[in-house]
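Just structure16.txt here, compact mmCIF, C-alpha atoms:
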```
# COMPACT_ATOMS: atom_id res chain seq x y z
CA MET A 552 -11.21 -23.70 24.38
CA THR A 553 -8.03 -24.51 26.29
CA PRO A 554 -8.13 -27.09 29.15
CA THR A 555 -7.66 -24.23 31.64
CA LEU A 556 -10.49 -22.17 30.23
CA ASP A 557 -12.68 -25.24 29.95
CA ARG A 558 -12.26 -25.90 33.69
CA LEU A 559 -13.04 -22.28 34.49
CA ALA A 560 -16.14 -22.16 32.29
CA ILE A 561 -17.58 -25.34 33.81
CA ALA A 562 -16.85 -24.45 37.44
CA THR A 563 -18.22 -20.89 37.18
CA ARG A 564 -21.34 -21.57 35.12
CA GLU A 565 -23.66 -20.94 38.11
CA TRP A 566 -22.02 -17.57 38.85
CA ASP A 567 -23.20 -14.41 37.14
CA PRO A 568 -20.64 -12.46 35.09
CA PRO A 569 -18.82 -10.13 34.92
CA LEU A 570 -16.36 -12.26 36.87
CA ALA A 571 -12.64 -12.97 37.01
CA ALA A 572 -11.66 -16.63 37.26
CA LEU A 573 -8.33 -18.17 38.26
CA ASP A 574 -7.35 -21.77 37.64
CA LEU A 575 -5.38 -23.04 40.66
CA ARG A 576 -3.81 -25.94 38.78
CA THR A 577 -2.36 -23.62 36.16
CA LEU A 578 -1.30 -21.04 38.76
CA THR A 579 0.59 -23.73 40.68
CA ALA A 580 2.27 -24.98 37.51
CA ASN A 581 3.26 -21.43 36.58
CA ALA A 582 4.74 -20.90 40.04
CA GLY A 583 6.82 -24.05 39.62
CA GLU A 584 7.96 -22.88 36.20
CA LEU A 585 9.14 -19.54 37.64
CA VAL A 586 11.16 -21.38 40.29
CA ARG A 587 12.64 -23.70 37.65
CA ARG A 588 13.61 -20.79 35.40
CA ALA A 589 15.29 -19.04 38.35
CA GLY A 590 17.71 -21.97 38.58
CA GLY A 591 18.05 -22.08 42.36
CA THR A 592 17.98 -18.33 42.95
CA ARG A 593 15.16 -17.41 45.29
CA VAL A 594 12.13 -15.70 43.76
CA ARG A 595 10.52 -12.68 45.39
CA VAL A 596 6.85 -12.20 44.48
CA ALA A 597 5.86 -8.84 42.99
CA SER A 598 2.62 -7.95 44.75
CA LYS A 599 1.61 -5.37 42.13
CA SER A 600 1.24 -8.23 39.67
CA VAL A 601 -0.98 -10.21 42.06
CA ARG A 602 -3.07 -7.84 44.26
CA CYS A 603 -4.79 -10.72 46.01
CA ARG A 604 -3.68 -11.85 49.46
CA SER A 605 -5.02 -15.38 48.96
CA VAL A 606 -2.81 -15.84 45.89
CA LEU A 607 0.21 -14.51 47.80
CA GLU A 608 -0.56 -17.07 50.51
CA THR A 609 -0.83 -19.82 47.89
CA VAL A 610 2.62 -18.98 46.54
CA LEU A 611 4.42 -18.11 49.79
CA GLY A 612 2.46 -20.09 52.36
CA PRO A 613 0.07 -18.85 55.03
CA ASP A 614 2.80 -16.85 56.80
CA LEU A 615 3.57 -14.96 53.54
CA THR A 616 7.27 -15.57 54.05
CA ALA A 617 8.83 -18.44 52.09
CA SER A 618 7.81 -21.64 50.35
CA GLY A 619 9.11 -23.81 47.53
CA GLY A 620 11.69 -21.49 46.00
CA PHE A 621 9.75 -18.30 46.72
CA ALA A 622 10.83 -15.97 49.48
CA GLY A 623 9.41 -12.60 50.39
CA ILE A 624 7.33 -9.94 48.68
CA MET A 625 8.22 -6.94 46.57
CA SER A 626 5.53 -4.37 47.38
CA TYR A 627 4.58 -1.18 45.59
CA SER A 628 3.15 0.93 48.45
CA LEU A 629 4.16 1.49 52.07
CA ARG A 630 0.56 1.29 53.25
CA GLU A 631 0.28 -2.02 51.42
CA SER A 632 3.55 -3.16 53.02
CA ILE A 633 2.29 -2.31 56.50
CA TRP A 634 -0.97 -4.17 55.86
CA LEU A 635 0.85 -7.26 54.58
CA ALA A 636 3.38 -7.17 57.43
CA ARG A 637 0.57 -7.12 59.98
CA ALA A 638 -1.00 -10.06 58.12
CA GLY A 639 2.17 -12.06 58.70
CA ALA A 640 4.59 -11.18 55.90
CA GLY A 641 8.08 -11.12 57.34
CA ASP A 642 10.20 -10.03 54.38
CA ILE A 643 8.90 -7.13 52.30
CA LEU A 644 11.11 -5.17 49.93
CA MET A 645 9.51 -2.00 48.61
CA GLY A 646 10.07 -1.78 44.88
CA TYR A 647 9.64 2.00 44.81
CA PRO A 648 10.41 5.00 47.02
CA THR A 649 7.62 6.41 49.17
CA VAL A 650 6.83 9.96 50.29
CA ASP A 651 3.78 8.97 52.35
CA ARG A 652 4.53 10.85 55.57
CA ALA A 653 1.72 9.35 57.65
CA ALA A 654 2.66 5.80 56.65
CA LEU A 655 6.33 6.52 57.31
CA ALA A 656 5.51 7.81 60.80
CA GLU A 657 3.53 4.63 61.46
CA PHE A 658 6.42 2.55 60.16
CA ALA A 659 8.97 4.38 62.31
CA ALA A 660 6.93 3.91 65.49
CA ASP A 661 6.67 0.12 65.15
CA PRO A 662 9.84 -2.01 65.58
CA VAL A 663 8.13 -5.02 63.97
CA LEU A 664 7.40 -3.06 60.82
CA ARG A 665 10.96 -1.73 60.72
CA GLU A 666 12.26 -5.29 60.92
CA ARG A 667 9.96 -6.65 58.22
CA ILE A 668 9.95 -3.84 55.65
CA THR A 669 12.90 -2.55 53.62
CA LEU A 670 12.42 0.92 52.13
CA MET A 671 13.64 1.87 48.65
CA ILE A 672 15.71 5.00 48.01
CA ASP A 673 17.78 6.48 45.20
CA SER A 674 18.79 9.94 46.42
CA ASP A 675 19.77 12.12 49.37
CA GLU A 676 16.36 13.77 49.09
CA HIS A 677 14.83 10.46 50.09
CA LEU A 678 17.07 10.27 53.14
CA ASP A 679 16.08 13.81 54.11
CA LEU A 680 12.37 13.08 53.71
CA LEU A 681 12.60 9.86 55.71
CA ARG A 682 14.31 11.56 58.62
CA VAL A 683 11.69 14.32 58.72
CA ALA A 684 8.82 11.84 58.49
CA PHE A 685 10.34 9.63 61.18
CA GLY A 686 10.69 12.65 63.47
CA SER A 687 13.95 11.26 64.82
CA ASP A 688 17.53 10.59 63.77
CA ALA A 689 17.57 7.47 65.92
CA VAL A 690 15.28 5.30 63.75
CA ARG A 691 17.53 2.74 62.09
CA ALA A 692 15.45 1.78 59.04
CA ARG A 693 16.51 -0.78 56.46
CA VAL A 694 16.99 0.69 52.99
CA CYS A 695 17.72 -0.67 49.53
CA LEU A 696 19.25 1.42 46.74
CA ASP A 697 17.50 1.39 43.35
CA VAL A 698 20.07 1.46 40.54
CA ASP A 699 19.33 2.41 36.94
CA ALA A 700 19.49 -0.79 34.89
CA SER A 701 18.69 0.71 31.50
CA LEU A 702 20.89 0.31 28.43
CA ARG A 703 22.67 3.37 27.06
CA LEU A 704 23.83 3.31 23.44
CA GLY A 705 25.40 6.72 22.99
CA PRO A 706 22.61 9.26 23.53
CA VAL A 707 19.93 6.56 23.26
CA HIS A 708 18.24 5.44 26.49
CA ILE A 709 16.60 1.98 26.33
CA GLY A 710 14.59 1.04 29.39
CA VAL A 711 12.41 2.71 31.99
CA ARG A 712 13.08 5.98 33.77
CA ARG A 713 13.63 5.10 37.42
CA SER A 714 16.70 5.88 39.45
CA PRO A 715 19.31 8.61 38.88
CA LEU A 716 21.92 6.21 40.31
CA ARG A 717 23.98 4.40 37.68
CA THR A 718 27.73 4.23 38.28
CA PRO A 719 29.42 2.17 41.00
CA GLY A 720 30.90 5.31 42.54
CA ALA A 721 27.57 7.14 42.78
CA VAL A 722 25.80 4.15 44.31
CA ALA A 723 28.55 3.48 46.81
CA ALA A 724 28.69 7.14 47.82
CA LEU A 725 24.96 7.24 48.57
CA ALA A 726 25.24 3.96 50.48
CA ALA A 727 28.00 5.47 52.61
CA ARG A 728 25.97 8.61 53.29
CA ALA A 729 22.92 6.51 54.20
CA ARG A 730 24.93 4.48 56.67
CA GLY A 731 26.46 7.64 58.08
CA ARG A 732 22.96 8.97 58.76
CA GLY A 733 21.96 5.88 60.71
CA PHE A 734 20.28 3.78 58.03
CA GLN A 735 21.00 0.12 57.54
CA VAL A 736 21.90 -0.47 53.88
CA ALA A 737 20.41 -3.89 53.21
CA GLY A 738 20.79 -4.15 49.46
CA VAL A 739 20.68 -2.87 45.92
CA MET A 740 18.08 -3.43 43.20
CA PHE A 741 18.30 -3.42 39.40
CA TYR A 742 15.14 -3.69 37.29
CA GLU A 743 16.07 -4.35 33.68
CA ALA A 744 12.69 -3.56 32.13
CA GLN A 745 14.15 -3.56 28.62
CA ILE A 746 14.88 -7.27 29.08
CA ALA A 747 12.17 -8.46 31.48
CA GLY A 748 9.26 -6.47 30.06
CA VAL A 749 9.85 -6.51 26.30
CA PRO A 750 8.61 -9.42 24.15
CA ASP A 751 11.02 -11.09 21.71
CA SER A 752 9.23 -9.49 18.77
CA SER A 753 12.12 -9.09 16.33
CA ALA A 754 15.79 -9.84 15.74
CA PRO A 755 16.84 -6.27 16.76
CA VAL A 756 14.97 -6.66 20.06
CA VAL A 757 16.67 -9.99 20.76
CA TRP A 758 20.06 -8.39 19.98
CA MET A 759 19.29 -5.43 22.26
CA LYS A 760 18.35 -7.72 25.13
CA LYS A 761 21.57 -9.72 24.83
CA ARG A 762 23.63 -6.55 24.65
CA SER A 763 21.86 -5.11 27.67
CA ALA A 764 22.28 -8.30 29.72
CA ALA A 765 26.01 -8.36 29.06
CA GLU A 766 26.46 -4.67 29.95
CA LEU A 767 24.39 -4.96 33.09
CA ALA A 768 26.12 -8.09 34.37
CA THR A 769 29.46 -6.27 34.31
CA ARG A 770 28.13 -3.05 35.82
CA ARG A 771 26.03 -4.81 38.47
CA THR A 772 29.07 -6.71 39.75
CA ALA A 773 31.04 -3.48 39.92
CA VAL A 774 28.22 -1.73 41.80
CA VAL A 775 27.89 -4.55 44.32
CA ASP A 776 31.64 -4.63 44.93
CA ALA A 777 31.78 -0.85 45.38
CA VAL A 778 28.85 -0.74 47.81
CA GLN A 779 30.11 -3.66 49.86
CA SER A 780 33.49 -1.99 50.20
CA GLU A 781 31.68 0.93 51.86
CA VAL A 782 28.99 -0.74 53.99
CA GLY A 783 29.87 -4.42 54.20
CA GLU A 784 28.04 -7.53 53.01
CA LEU A 785 24.67 -6.93 51.34
CA GLU A 786 21.67 -9.13 52.14
CA ILE A 787 19.86 -8.26 48.92
CA VAL A 788 21.00 -7.96 45.32
CA ASN A 789 17.68 -7.98 43.50
CA GLY A 790 17.00 -8.04 39.80
CA GLY A 791 14.92 -9.37 36.99
CA GLY A 792 11.28 -9.94 36.23
CA THR A 793 9.13 -12.66 34.74
CA GLY A 794 10.64 -12.16 31.30
CA SER A 795 14.30 -12.30 32.36
CA LEU A 796 14.61 -14.89 35.13
CA GLU A 797 17.15 -17.09 33.34
CA VAL A 798 19.37 -14.17 32.37
CA THR A 799 19.30 -12.40 35.74
CA SER A 800 19.68 -15.48 37.92
CA ALA A 801 22.78 -16.50 35.92
CA ASP A 802 24.64 -13.50 37.36
CA PRO A 803 26.51 -14.73 40.48
CA SER A 804 26.23 -11.30 42.11
CA VAL A 805 22.41 -11.60 42.22
CA THR A 806 20.91 -13.06 45.39
CA GLU A 807 17.25 -12.97 44.32
CA VAL A 808 14.99 -12.33 41.35
CA THR A 809 11.50 -10.85 41.29
CA ALA A 810 8.50 -12.22 39.40
CA GLY A 811 4.74 -11.87 39.57
CA SER A 812 3.15 -11.58 36.14
CA GLY A 813 4.26 -15.12 35.31
CA LEU A 814 1.75 -16.45 37.83
CA PHE A 815 -1.31 -15.11 35.98
CA VAL A 816 0.31 -14.73 32.50
CA PRO A 817 -1.43 -11.79 30.79
CA THR A 818 -1.27 -11.19 27.04
CA LEU A 819 1.87 -9.02 27.21
CA PHE A 820 3.83 -12.22 27.90
CA ASP A 821 2.65 -14.13 24.84
CA ARG A 822 5.67 -13.40 22.63
CA TYR A 823 8.65 -14.45 24.72
CA ARG A 824 11.07 -17.09 23.42
CA ALA A 825 12.55 -18.06 26.79
CA PHE A 826 9.36 -19.71 28.03
CA ARG A 827 5.91 -20.83 26.89
CA PRO A 828 3.25 -19.03 28.92
CA ASP A 829 0.10 -20.76 30.13
CA PRO A 830 -2.59 -18.24 31.16
CA ALA A 831 -4.20 -18.88 34.55
CA LEU A 832 -6.45 -15.81 34.88
CA TYR A 833 -9.37 -14.89 32.61
CA PHE A 834 -12.48 -12.77 32.90
CA ALA A 835 -15.96 -13.29 31.50
CA LEU A 836 -18.49 -10.71 30.31
CA PRO A 837 -22.17 -11.33 29.55
CA ALA A 838 -23.77 -10.49 26.23
CA VAL A 839 -26.62 -8.03 26.82
CA ARG A 840 -27.46 -6.75 23.31
CA ARG A 841 -27.50 -7.72 19.63
CA PRO A 842 -27.46 -4.39 17.75
CA THR A 843 -26.91 -6.19 14.44
CA PRO A 844 -26.71 -9.85 13.40
CA LYS A 845 -22.92 -9.53 13.25
CA ILE A 846 -22.34 -7.69 16.55
CA ALA A 847 -22.86 -8.75 20.15
CA THR A 848 -22.61 -6.13 22.88
CA LEU A 849 -21.18 -7.15 26.26
CA PHE A 850 -21.58 -5.56 29.67
CA GLY A 851 -18.41 -3.91 31.07
CA GLY A 852 -14.95 -4.64 29.75
CA GLY A 853 -13.06 -1.34 29.68
CA TYR A 854 -10.15 -2.70 31.67
CA ILE A 855 -7.29 -0.93 29.93
CA ALA A 856 -3.78 -1.73 31.12
CA SER A 857 -1.17 0.85 32.08
CA GLY A 858 1.69 1.80 29.82
CA PRO A 859 1.81 3.47 26.40
CA ALA A 860 -1.67 3.68 24.91
CA GLY A 861 -2.26 1.23 22.08
CA ALA A 862 -3.72 -2.08 21.01
CA ALA A 863 -1.35 -4.04 23.25
CA ARG A 864 -3.01 -2.53 26.35
CA VAL A 865 -6.61 -3.55 25.71
CA PRO A 866 -8.20 -6.85 26.79
CA THR A 867 -8.39 -9.64 24.21
CA PRO A 868 -11.49 -11.78 23.59
CA VAL A 869 -10.38 -15.42 23.45
CA PHE A 870 -13.59 -17.48 23.50
CA PRO A 871 -15.66 -18.00 21.47
CA ARG A 872 -12.79 -17.90 19.00
CA GLY A 873 -12.93 -15.43 16.17
CA LEU A 874 -14.21 -12.40 18.10
CA LYS A 875 -12.60 -8.98 18.00
CA LEU A 876 -13.25 -5.51 19.38
CA LEU A 877 -14.73 -2.77 17.22
CA ARG A 878 -12.08 -0.31 16.14
CA ASN A 879 -14.22 2.74 16.90
CA GLU A 880 -15.35 1.60 20.37
CA GLY A 881 -12.76 -0.80 21.73
CA ALA A 882 -13.31 -1.97 25.30
CA GLY A 883 -15.95 0.35 26.73
CA GLU A 884 -16.72 1.93 30.07
CA VAL A 885 -19.96 -0.03 30.52
CA GLN A 886 -20.36 -1.89 27.24
CA THR A 887 -18.04 -3.61 24.81
CA PRO A 888 -19.26 -4.59 21.34
CA VAL A 889 -17.55 -7.54 19.65
CA THR A 890 -17.69 -8.64 16.06
CA GLY A 891 -16.04 -11.31 13.94
CA LYS A 892 -17.02 -14.68 12.56
CA ALA A 893 -18.29 -15.97 15.94
CA ALA A 894 -20.33 -12.89 16.86
CA SER A 895 -23.48 -14.10 15.12
CA ASP A 896 -23.53 -17.12 17.45
CA VAL A 897 -23.28 -15.07 20.67
CA GLN A 898 -26.78 -14.75 22.08
CA ILE A 899 -28.07 -12.51 24.86
CA GLY A 900 -27.05 -14.10 28.14
CA ASP A 901 -24.02 -15.91 26.70
CA ARG A 902 -20.53 -15.33 28.02
CA VAL A 903 -17.44 -14.11 26.24
CA TRP A 904 -14.08 -14.86 27.86
CA PHE A 905 -11.18 -12.41 27.79
CA ARG A 906 -7.57 -12.13 28.86
CA HIS A 907 -6.18 -8.92 30.31
CA ALA A 908 -3.04 -7.23 28.99
CA LYS A 909 -1.32 -6.99 32.40
CA ALA A 910 -1.47 -9.17 35.48
CA GLY A 911 -2.52 -7.67 38.81
CA GLU A 912 -4.30 -4.64 37.37
CA LEU A 913 -7.36 -6.75 36.59
CA CYS A 914 -7.83 -7.21 40.35
CA GLU A 915 -8.51 -3.48 40.66
CA ARG A 916 -11.73 -4.09 38.68
CA PHE A 917 -13.10 -7.09 40.59
CA ASP A 918 -13.86 -7.61 44.27
CA SER A 919 -12.99 -11.29 44.03
CA LEU A 920 -11.23 -13.92 42.00
CA HIS A 921 -13.23 -17.10 41.42
CA VAL A 922 -10.56 -19.69 42.18
CA VAL A 923 -11.23 -23.04 40.53
CA ALA A 924 -9.70 -26.21 41.98
CA ASP A 925 -10.82 -29.82 41.51
CA GLY A 926 -14.00 -28.70 39.80
CA ALA A 927 -15.08 -26.42 42.65
CA CYS A 928 -15.22 -22.61 42.55
CA THR A 929 -14.31 -20.54 45.60
CA PRO A 930 -14.38 -16.72 45.44
CA VAL A 931 -11.48 -15.10 47.30
CA PRO A 932 -11.17 -11.33 47.81
CA THR A 933 -8.77 -9.19 45.85
CA TYR A 934 -7.15 -6.16 47.48
CA ARG A 935 -10.22 -4.24 46.30
CA GLY A 936 -12.50 -6.85 47.85
CA GLU A 937 -10.75 -6.34 51.19
CA GLY A 938 -11.42 -2.62 50.92
CA LYS A 939 -7.85 -1.75 49.99
CA CYS A 940 -6.68 0.57 47.24
CA PHE A 941 -3.02 1.49 47.33
CA GLY A 942 -2.76 3.42 44.10
```
So that I can check it, write out the structure of this file as structure tokens.
Amino acid sequence: MTPTLDRLAIATREWDPPLAALDLRTLTANAGELVRRAGGTRVRVASKSVRCRSVLETVLGPDLTASGGFAGIMSYSLRESIWLARAGAGDILMGYPTVDRAALAEFAADPVLRERITLMIDSDEHLDLLRVAFGSDAVRARVCLDVDASLRLGPVHIGVRRSPLRTPGAVAALAARARGRGFQVAGVMFYEAQIAGVPDSSAPVVWMKKRSAAELATRRTAVVDAVQSEVGELEIVNGGGTGSLEVTSADPSVTEVTAGSGLFVPTLFDRYRAFRPDPALYFALPAVRRPTPKIATLFGGGYIASGPAGAARVPTPVFPRGLKLLRNEGAGEVQTPVTGKAASDVQIGDRVWFRHAKAGELCERFDSLHVVADGACTPVPTYRGEGKCFG
């Protein structure tokens, strides 16, 4: 058992599982490590990788604005953005476009929300939809342009499918049209998923990431120069993720990097060479059956992460050591059998500790996180626990 997990197990022993437990000491250390890796570039917190307002307040401070190298939130939903803005967040960059007409109408009617929230766009269709939802051509909303940061090697596309914008000319032209229609162009964003979200699993992957970083650094500078020649100085040039902070922050055109998963450190971040992860968030399931001497069956556990289906997306049992999921059942809807050399020692009522494959998604399965600090356990609500579900 690691020191972190040992603290969690001791502090939560009077609480009934299933439960999710977060070690505050490790979370704080991870936050400091993200700031260190960013090398002086401010870090924007990705709320999708947190989904707990208390944790956002721990990282950003009670006003959800800026603290210790962190500044602002990257949100994933406009309704979430509105909720956080009314809770005190003063700098929210939406990481994705929205077509939520009711939320956009609410946003347009409130000057405080328009000041605190920057919308994401990547096409003229977005501009058209925003104007219709606003019900007025006079609403001067802040927008950021999402630029495709993928690597292209001939016909091969490496990275995620996000924006249709790629070339400096195309980005600058949309920025000019946005300004001409009364929008305030606040920035540009580049999410290099093929660098930030891919473990260093082989020499070809490491080569690809270096090649992509070099290509993107040149193209990003050209995009920023082209946009600024059309609309003036940009407040935001956003990039990166937990897995690429050093690379992205080294680009002088970047004003901020985004990170979130590095606070909790799920299993998808175990194979990076740039940093040594220290998990802060675990969950515990109780053993409720012993169908055979070599199998213990646990309650709950089917917390499968998003992304391509496969073994990398299922939760991993980490204590007692030597447990594994059954190939034919995996992590189940209401029960999860485990086997392995330690299974014979797991008795009914015992706990098995797991790590999730992705960060904030675990908070969609629990109403609270049991935050452990100085030996004490304090449950704090997740988004779900506050009655919020933003998709």
Identify, on the basis of all atoms listed in the file, every residue whose closest approach to Ile672 in chain A does not exceed 8 Å; exclude the query and any residue fewer than 6 positions from it along the same chain; express the result as a VMD selection string. chain A and resid 647 to 648 678 694 to 697
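Residue nearest Asp802 in chain A within the list A:Leu849, A:Cys603, A:Ala589, A:Ala659: A:Ala589 [criterion: smallest interatomic distance, only C-alpha atoms].
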When you count only C-alpha atoms, which of these residues is closest to Lys892 in chain A: A:Ala597, A:Ala801, A:Val683, A:Leu874? A:Leu874
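Of note, CA of Glu657 in chain A and CA of Gly731 in chain A are spaced 23.4 Å apart.
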Let me make sure I understand: among A:Ser598, A:Gln886, A:Ser605, A:Ser714, which one has the smallest atom-to-atom distance to Phe850 in chain A if we use all atoms listed in the file? A:Gln886
Do a neighbour search on range 856-865 of chain A at 7 Å with all atoms listed in the file, toss out local chain neighbours closer than 6 positions, and write the hits as an MDAnalysis selection string. chainID A and resid 882 908:909 912
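Interatomic distance, CA of Arg652 in chain A against CA of Ala684 in chain A: 5.3 Å.
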Please provide as an MDAnalysis selection string all residues within 7 Å of Trp904 in chain A, with the sequence filter that same-chain residues fewer than 5 positions apart are discarded (counting all atoms listed in the file). chainID A and resid 833:836 868:870
Residue contacts of Pro844 in chain A (10 Å, all atoms listed in the file) excluding same-chain residues fewer than 6 positions away, as a list of chain:residue names: A:Thr890, A:Ala894, A:Ser895, A:Asp896, A:Val897, A:Gln898
Correct to one decimal, the distance CA of Met740 in chain A-CA of Asp673 in chain A is 10.1 Å
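Remark: for Thr577 in chain A, the closest of the candidate residues A:Ala737, A:Val922, A:Ala729, A:Val650 is A:Val922 (distances computed over all atoms listed in the file).
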Could you tell me which of A:Trp758, A:Trp634, A:Phe815, A:Phe826 comes closest to Leu664 in chain A if we count all atoms listed in the file? A:Trp634
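The closest residue to Met552 in chain A, picked from A:Pro871, A:Val757, A:Gly639, A:Arg762 and counting all atoms listed in the file, is A:Pro871.
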